[in-house]
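Novice: Once you've had a glance at the structure underneath, I'll fire off some questions.
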Amino acid sequence: MAVSAAIIGTVGWFWASSFVPSTYSVMDMGYVDLGGGPAGMADVPGMADMPGMPAAVSVADLTGPATGTPDSAVTLIARKETFRLATGQKVDGYTLNHASPGPTIRVTQGDLLAVTLINESVSDGVTLHWHGIDVPNAEDGVAGVTQDAVPVGGRFIYRFKVEDAGTYWYHSHQDSSVQIPGGLFGALIVEPRTGSPTVPAAAPSLPSPVTPAAPEQEIVVALHTYGDLRTINGGTGLQRIDSPAGASVRVRIINTDPVVLGVAITGAQFKVVAHDGHDINKPTDLDGTSIVIPAGGRMDISFTVPIAGVAVRIDMGSGAGVAIGPQAATPAPLGSLSGALNLLTYGSPAPIGFDPGHPDRRFEYRIGRRIGFVGGVPGDWWTVNGHVIPDVPMFEVSQGDVVVMTIVNASAVVHPMHLHGHHAVVLSRDGVATSGSPWWTDSLNVESDSTYVIAFVADNPGIWMDHCHNLQHAVDGLISHLAYTGVTEPFRIGGSAHNHPA
Ligand code: C2O
Ligand code: CU
């Protein structure tokens, strides 16, 4: 009797203590992890009021340039509605300007971009997050962390300079586990400002071409699954794209799904020229190698179109893909593949711009699982460093810190980990140091039973989500935050704006 009473009592205590308040600040979640660095002076009792102390800054004030004419201005109107895919199928989901994917935003590096988001009919509210772009914190679009969700009839203007050329995408970060699968996303391409690495130089040993080399043809391939419809750019099946033999083509592949996707390229040798918006240094030719793109991740590939064309297929067997080549070409058959590209060794080393050898902070992000309660609901929940949400670590940094983070996954399931506002470089996987091109990433697949050590410079003040991009996992607690010393949080999860970032 006593024993079972004790068990019931203990379980009852865990149940009762698992309730997440309906409204709270992410700053009150869990506990501060200083990673071996100093506590911010503002955190030392009594110091915040000392003369000469830098004043705390609110997330809401960490905006992009408030003035200046934007180089590119876009208005996106969000709706909940039934729409038709390019190939005709009906989907009940979400659109931007009546389309899903939303319009591809194309800007040039260094441009000031202004996006006006208008919510016409998404009753749960919407935001826009610029996945992979290191925007100022107040432009990051995370409901309850960097802004309130925009209600029906409301609008929000995002203004920021795009500093890094590359392939990115945008998506809602309010109820993102529902709104992204439902279609509330689009591609964002930042073209390089000077020179154009996309124009191939004529090889000197070749006879001079009759016409000057044409600029590289560029194709955006956004992968997305609506329900059970595998699509590329909102269309099912193998889509044909005209391209003359001999053309140089760059394909920007974006995985907007919550799970990893395998991509097969057949018909030509190719190079992976960029990963998560960053160029790969000296990529080498690949042939028959499949590439694996984590949830949220991007890879740019380039090749020269042969007479018979090239096929880029996703998830072999889904039927979705693009066939690029002269009109008469029959898409190259799938053929046999020789394993997946290993980014640990691909390309050649190059400077990363900082020294991760003597970091100011070292963090661990250990992902596990535990049976227990969250919000009174029993389940097998994700844990971060042994804790279930909301009792997760808040990783605290100061501006300028060099940060090394070890991500360990012992949860039996892969997690595509996404840190907002920063680009990290992979130092090692399972103890093996990178020996290829710097492996810059914002969407890193951390396979089960693997350990990645990553490094980044804390150069973008704010409060940043660091979560799994399998968004149901984020809903189920695989979320932490990176917080800068002296930054305060005016927004609330829940609250009157009903902010639910995951
Ligand atoms: Cu693609 Cu937290 O987001
Ligand atoms: Cu996950």
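Each chain in the structure tokens gets a letter, A, B, ..., in the order shown, and its residues are numbered from 1; ligands are numbered from 1 in order too.
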I'd like a table as a Markdown table: residues in range 395-426 of chain A with an atom no more than 9 Å from range 128-147 of chain A, each row giving the shortest atom pair and its distance in Å to one decimal, only C-alpha atoms counted, sorted by chain and rising residue number.

Specialist:
```
| residue | atom | partner | partner_atom | distance |
| --- | --- | --- | --- | --- |
| A:His418 | CA | A:Gly132 | CA | 8.7 |
| A:Leu419 | CA | A:Gly132 | CA | 8.7 |
| A:His420 | CA | A:Gly132 | CA | 7.2 |
| A:Gly421 | CA | A:Asp134 | CA | 4.3 |
| A:His422 | CA | A:Asp134 | CA | 5.6 |
| A:His423 | CA | A:Asp134 | CA | 7.6 |
```

Novice: Pull all heavy atoms from the residues just selected and write them as a PDB file, in the first residue's frame.

Specialist:
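For reference, result.pdb as written:
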```pdb
ATOM      1  N   HIS A 418      18.958  23.199 -36.229  1.00  0.00           N
ATOM      2  CA  HIS A 418      18.963  24.522 -36.876  1.00  0.00           C
ATOM      3  C   HIS A 418      19.130  25.616 -35.840  1.00  0.00           C
ATOM      4  O   HIS A 418      18.254  25.836 -35.010  1.00  0.00           O
ATOM      5  CB  HIS A 418      17.640  24.695 -37.639  1.00  0.00           C
ATOM      6  CG  HIS A 418      17.442  26.049 -38.252  1.00  0.00           C
ATOM      7  ND1 HIS A 418      18.379  26.653 -39.064  1.00  0.00           N
ATOM      8  CD2 HIS A 418      16.411  26.930 -38.191  1.00  0.00           C
ATOM      9  CE1 HIS A 418      17.922  27.846 -39.462  1.00  0.00           C
ATOM     10  NE2 HIS A 418      16.732  28.032 -38.939  1.00  0.00           N
ATOM     11  N   LEU A 419      20.276  26.290 -35.896  1.00  0.00           N
ATOM     12  CA  LEU A 419      20.530  27.449 -35.037  1.00  0.00           C
ATOM     13  C   LEU A 419      20.216  28.706 -35.838  1.00  0.00           C
ATOM     14  O   LEU A 419      20.749  28.898 -36.925  1.00  0.00           O
ATOM     15  CB  LEU A 419      22.010  27.449 -34.599  1.00  0.00           C
ATOM     16  CG  LEU A 419      22.527  28.732 -33.936  1.00  0.00           C
ATOM     17  CD1 LEU A 419      21.810  29.014 -32.620  1.00  0.00           C
ATOM     18  CD2 LEU A 419      24.045  28.632 -33.704  1.00  0.00           C
ATOM     19  N   HIS A 420      19.356  29.542 -35.307  1.00  0.00           N
ATOM     20  CA  HIS A 420      19.013  30.780 -36.009  1.00  0.00           C
ATOM     21  C   HIS A 420      20.131  31.815 -35.882  1.00  0.00           C
ATOM     22  O   HIS A 420      20.873  31.837 -34.896  1.00  0.00           O
ATOM     23  CB  HIS A 420      17.757  31.407 -35.377  1.00  0.00           C
ATOM     24  CG  HIS A 420      16.475  30.681 -35.687  1.00  0.00           C
ATOM     25  ND1 HIS A 420      15.276  31.336 -35.798  1.00  0.00           N
ATOM     26  CD2 HIS A 420      16.205  29.372 -35.902  1.00  0.00           C
ATOM     27  CE1 HIS A 420      14.315  30.462 -36.066  1.00  0.00           C
ATOM     28  NE2 HIS A 420      14.849  29.264 -36.127  1.00  0.00           N
ATOM     29  N   GLY A 421      20.198  32.691 -36.894  1.00  0.00           N
ATOM     30  CA  GLY A 421      21.015  33.910 -36.781  1.00  0.00           C
ATOM     31  C   GLY A 421      22.509  33.750 -36.939  1.00  0.00           C
ATOM     32  O   GLY A 421      23.234  34.739 -36.904  1.00  0.00           O
ATOM     33  N   HIS A 422      22.989  32.531 -37.097  1.00  0.00           N
ATOM     34  CA  HIS A 422      24.439  32.293 -37.147  1.00  0.00           C
ATOM     35  C   HIS A 422      24.725  31.181 -38.142  1.00  0.00           C
ATOM     36  O   HIS A 422      23.898  30.304 -38.343  1.00  0.00           O
ATOM     37  CB  HIS A 422      24.967  31.842 -35.778  1.00  0.00           C
ATOM     38  CG  HIS A 422      24.711  32.819 -34.690  1.00  0.00           C
ATOM     39  ND1 HIS A 422      23.466  32.987 -34.128  1.00  0.00           N
ATOM     40  CD2 HIS A 422      25.538  33.698 -34.072  1.00  0.00           C
ATOM     41  CE1 HIS A 422      23.534  33.944 -33.209  1.00  0.00           C
ATOM     42  NE2 HIS A 422      24.775  34.391 -33.153  1.00  0.00           N
ATOM     43  N   HIS A 423      25.908  31.228 -38.708  1.00  0.00           N
ATOM     44  CA  HIS A 423      26.379  30.078 -39.466  1.00  0.00           C
ATOM     45  C   HIS A 423      27.473  29.406 -38.682  1.00  0.00           C
ATOM     46  O   HIS A 423      28.394  30.062 -38.212  1.00  0.00           O
ATOM     47  CB  HIS A 423      26.867  30.488 -40.851  1.00  0.00           C
ATOM     48  CG  HIS A 423      25.752  30.407 -41.833  1.00  0.00           C
ATOM     49  ND1 HIS A 423      24.789  31.389 -41.936  1.00  0.00           N
ATOM     50  CD2 HIS A 423      25.403  29.427 -42.697  1.00  0.00           C
ATOM     51  CE1 HIS A 423      23.907  31.013 -42.845  1.00  0.00           C
ATOM     52  NE2 HIS A 423      24.253  29.828 -43.325  1.00  0.00           N
TER      53      HIS A 423
END
```

Novice: Could you produce a table of the residues of chain A lying within 12 Å of ligand 2, with the nearest pair of atoms per residue and their separation in Å rounded to one decimal, using only C-alpha atoms and all ligand atoms, ordered by chain and increasing residue number, as CSV?

Specialist:
```
residue,atom,partner,partner_atom_place_in_ligand_line,distance
A:Ser177,CA,ligand 2,1 (Cu),12.0
A:Pro258,CA,ligand 2,1 (Cu),8.8
A:Val259,CA,ligand 2,1 (Cu),9.0
A:Val260,CA,ligand 2,1 (Cu),10.8
A:Pro294,CA,ligand 2,1 (Cu),11.0
A:Ala295,CA,ligand 2,1 (Cu),9.7
A:Gly296,CA,ligand 2,1 (Cu),12.0
A:Ile367,CA,ligand 2,1 (Cu),8.8
A:Gly368,CA,ligand 2,1 (Cu),10.2
A:Arg369,CA,ligand 2,1 (Cu),10.9
A:Trp381,CA,ligand 2,1 (Cu),11.0
A:Trp382,CA,ligand 2,1 (Cu),8.3
A:Thr383,CA,ligand 2,1 (Cu),10.6
A:Val384,CA,ligand 2,1 (Cu),11.2
A:Asn409,CA,ligand 2,1 (Cu),9.7
A:Ala410,CA,ligand 2,1 (Cu),11.5
A:Ser411,CA,ligand 2,1 (Cu),9.2
A:Ala412,CA,ligand 2,1 (Cu),10.3
A:Val413,CA,ligand 2,1 (Cu),7.2
A:Val414,CA,ligand 2,1 (Cu),6.2
A:His415,CA,ligand 2,1 (Cu),3.6
A:Pro416,CA,ligand 2,1 (Cu),6.0
A:Met417,CA,ligand 2,1 (Cu),7.2
A:His418,CA,ligand 2,1 (Cu),10.0
A:Ser443,CA,ligand 2,1 (Cu),11.4
A:Leu444,CA,ligand 2,1 (Cu),10.8
A:Asn445,CA,ligand 2,1 (Cu),9.1
A:Val446,CA,ligand 2,1 (Cu),8.7
A:Glu447,CA,ligand 2,1 (Cu),9.7
A:Ser448,CA,ligand 2,1 (Cu),10.2
A:Asp466,CA,ligand 2,1 (Cu),11.4
A:His467,CA,ligand 2,1 (Cu),7.9
A:Cys468,CA,ligand 2,1 (Cu),4.5
A:His469,CA,ligand 2,1 (Cu),6.4
A:Asn470,CA,ligand 2,1 (Cu),4.9
A:Leu471,CA,ligand 2,1 (Cu),7.2
A:Gln472,CA,ligand 2,1 (Cu),7.6
A:His473,CA,ligand 2,1 (Cu),4.7
A:Ala474,CA,ligand 2,1 (Cu),6.8
A:Val475,CA,ligand 2,1 (Cu),9.7
A:Asp476,CA,ligand 2,1 (Cu),9.0
A:Gly477,CA,ligand 2,1 (Cu),9.2
A:Leu478,CA,ligand 2,1 (Cu),6.5
A:Ile479,CA,ligand 2,1 (Cu),9.3
```

Novice: Can you tell me how far CA of Ala86 in chain A sits from CA of Val273 in chain A, in Å to one decimal?

Specialist: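 Between these atoms lies a distance of 28.7 Å.
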
Novice: Using DSSP assignments from the backbone, pull out every residue in range 75-324 of chain A that falls under strand (DSSP E or B) and give it to me as a PyMOL selection string.

Specialist: chain A and resi 75-84+90-96+99+105-108+112-119+126+129-131+143+147+150+155-161+166-171+185-191+217-226+229-232+235+238-242+248-255+261-266+270-275+278-279+286+290-293+298-304+310-314+321-324

Novice: Which neighbours of Val152 in chain A fall inside 10 Å, counting only C-alpha atoms, when residues of the same chain fewer than 2 positions from it are skipped, and could you give them as a list in words?

Specialist: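 My list of contacting residues is Ala78, Arg79, Ile118, Asn119, Glu120, Ser121, Val122, Ser123, Asp124, Gly125, Val126, Ala149, Val150, Gly154 and Arg155 of chain A.
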
Novice: Please compute the CA of Ala483 in chain A-CA of Ala455 in chain A distance, one decimal, in Å.

Specialist: 16.0 Å

Novice: For ligand 1, which residue out of A:Trp440, A:Tyr226, A:Trp169, A:Tyr24 is the nearest one, using only C-alpha atoms and all ligand atoms?

Specialist: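 Going through A:Trp440, A:Tyr226, A:Trp169, A:Tyr24 one by one, the smallest distance to ligand 1 is for A:Trp169.
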
Novice: Residues near Gly35 in chain A, anyone? I mean within 7 Å using only C-alpha atoms, not counting same-chain ones fewer than 2 positions away, as a list of chain:residue names.

Specialist: A:Asp33, A:Gly37, A:Arg361, A:Arg362, A:Phe363

Novice: Where does DSSP see alpha helix (DSSP H) in range 75-245 of chain A, if you list the residues as a PyMOL selection string?

Specialist: chain A and resi 176-179

Novice: Determine the nearest neighbour of Leu337 in chain A from the options A:Val263, A:Lys90, A:Thr236, A:Gly182, counting only C-alpha atoms.

Specialist: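 So, comparing all the options, the nearest one is A:Val263.
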
Novice: Write out as number ranges by chain each polymer residue whose atoms come within 9 Å of Glu163 in chain A, counting only C-alpha atoms; drop sequence neighbours fewer than 2 positions from it.

Specialist: A: 108-111, 133-135, 161, 165, 190
